[in-house]
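Everything below concerns the one structure shown next.
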Amino acid sequence: MQARNNILLLLVLLVLPVGLVYAQFAAPATNGRIVIGMTPESPLPSEYVHLTVLSSMINLERSDITWYADKKVIAQGPGVTEADIFAGSLGTEVDIVVIAQAEDGTVASGEAFIRPTEVDLVWESDSYTPPFYKGHALPSAGTKIRAQAIAVFRLPDGTLVPDSNITYTWRRNGSVIQTASGRGRSFATFPAPTLFGTDTIEVEAVSADGTLSGKAGVNIPSVEPALLLYEDNPIFGIMYHKTFGQATTVKDAEVTFAAVPYFAEADSPDDPQLVYSWQVNGQRVTADYIRPSEITINADKSSGNADIALSLTRMRNWYMKADAEWKISFPSVGSSTGGADPFNAGKQ
């Protein structure tokens, strides 16, 4: 009698509808014959997620397919191999289950989880920028890039996964940067792109248990250093709030001009590795030994324009070069001498 009852119970379970079986259990036994794909693979909170299924065991196009999200049907029908859903907030989890029944009665299933995360990638170059500069320090040939990945992995209890429990994999143009990657390695330093080049920097973060992951990437172009010219006022210092344009009129007969090498490989404008080549009205002017980034032009007994040209290079960095020109008009404070160079450039 006991054996007969066991046989009857087995027959009842075999003929129960698939939907009823799933309603009674958290999830069917996953046999691995259905693979669920997500786009994006690591969604952000509340992001639209596109789901697809693949199987090498049954023909999904000719199967009855039912999609479940947290046990609720979100799509179903013959050959329904795609579905869409929105990810939840940080710390939430959506259980996706797909059950497919083929024409011959074969049942296959697959399961995946949508766990939203946030990974931000911030970076800066160690190139030179002046005090109070609010922009981004851009990389040029010879400089370095400092990058930081900020992974926000929130658990269901509201706590955040610390960096020490996250493995970071850094890639540059698709190749893994072994020296920068590893557990807790959220910071990375690497050379700037080659001259006129662009590097793609990517980072992938995965929690220690593998349940949470996220990616971020950015394209970083290399730029040429830019030379900007300012007045070095004897009272107020360098007037960073106002740069000289290509053609500028000044009020004083004597002005000290300071060149600022934005984005150059330098610790300061007067870095001893920098080489300044100044010209005024076509004549070379010897730069000051202490402050080679500056020259002083005195037009006390002259009137007219000073055509300033500057070329900047760096020792042992053949790729760094910057050039700029400015036309400066001085006030008429005396009669022109008619000489080849009416300015006393570079003389203190």
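Naming works like this for the structure tokens: A, B, ... for the chains as they're shown, residue 1 at the start of each chain, ligands 1 onward in shown order.
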Would you write out, as JSON lines, a table of all residues in segment 106-151 of chain A that have an atom no more than 9 Å from an atom of segment 244-268 of chain A, listing for each the closest atom pair and the distance in Å to one decimal, considering only C-alpha atoms and ordering rows by chain and rising residue number?
```
{"residue": "A:Ser125", "atom": "CA", "partner": "A:Phe263", "partner_atom": "CA", "distance": 8.2}
{"residue": "A:Asp126", "atom": "CA", "partner": "A:Glu265", "partner_atom": "CA", "distance": 7.6}
{"residue": "A:Ser127", "atom": "CA", "partner": "A:Phe263", "partner_atom": "CA", "distance": 4.6}
{"residue": "A:Tyr128", "atom": "CA", "partner": "A:Phe263", "partner_atom": "CA", "distance": 4.9}
{"residue": "A:Thr129", "atom": "CA", "partner": "A:Tyr262", "partner_atom": "CA", "distance": 5.3}
{"residue": "A:Pro130", "atom": "CA", "partner": "A:Val260", "partner_atom": "CA", "distance": 7.4}
{"residue": "A:Ala137", "atom": "CA", "partner": "A:Phe263", "partner_atom": "CA", "distance": 6.3}
{"residue": "A:Leu138", "atom": "CA", "partner": "A:Phe263", "partner_atom": "CA", "distance": 5.7}
{"residue": "A:Pro139", "atom": "CA", "partner": "A:Phe263", "partner_atom": "CA", "distance": 6.3}
{"residue": "A:Ser140", "atom": "CA", "partner": "A:Phe263", "partner_atom": "CA", "distance": 6.3}
{"residue": "A:Ala141", "atom": "CA", "partner": "A:Glu265", "partner_atom": "CA", "distance": 7.6}
{"residue": "A:Gly142", "atom": "CA", "partner": "A:Glu265", "partner_atom": "CA", "distance": 6.2}
{"residue": "A:Thr143", "atom": "CA", "partner": "A:Glu265", "partner_atom": "CA", "distance": 5.4}
{"residue": "A:Lys144", "atom": "CA", "partner": "A:Glu265", "partner_atom": "CA", "distance": 8.8}
```
Open item on the list: I'd like the neighbourhood of segment 45-48 of chain A as a PyMOL selection string, where a residue qualifies if any of its atoms comes within 7 Å (using only C-alpha atoms), though same-chain residues fewer than 6 positions away should be ignored.
Closed with: chain A and resi 85-90+116-117
TODO: Name all residues at most 6 Å from Ala102 of chain A (count only C-alpha atoms; drop same-chain ones fewer than 3 positions away) and give them as a PyMOL selection string.
DONE: chain A and resi 63+105-106
Go ahead and write the selection's residues with N, CA and C atoms as a compact mmCIF listing (two decimals), in the first residue's frame.
```
# COMPACT_ATOMS: atom_id res chain seq x y z
N SER A 63 9.49 27.15 -28.23
CA SER A 63 9.14 26.72 -26.87
C SER A 63 8.22 27.75 -26.23
N GLY A 105 8.00 18.43 -24.70
CA GLY A 105 7.73 18.39 -23.27
C GLY A 105 8.93 18.64 -22.39
N THR A 106 10.11 18.74 -23.00
CA THR A 106 11.32 19.02 -22.22
C THR A 106 11.22 20.40 -21.57
```
TODO: Tell me, as a list in words, which residues lie within 8 Å of Ile99 of chain A, counting only C-alpha atoms; anything in the same chain fewer than 2 positions away does not count.
DONE: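 In the requested form, the answer reads Ile65, Thr66, Trp67, Val97, Gln101, Val107, Ala108, Ser109 and Gly110 of chain A.
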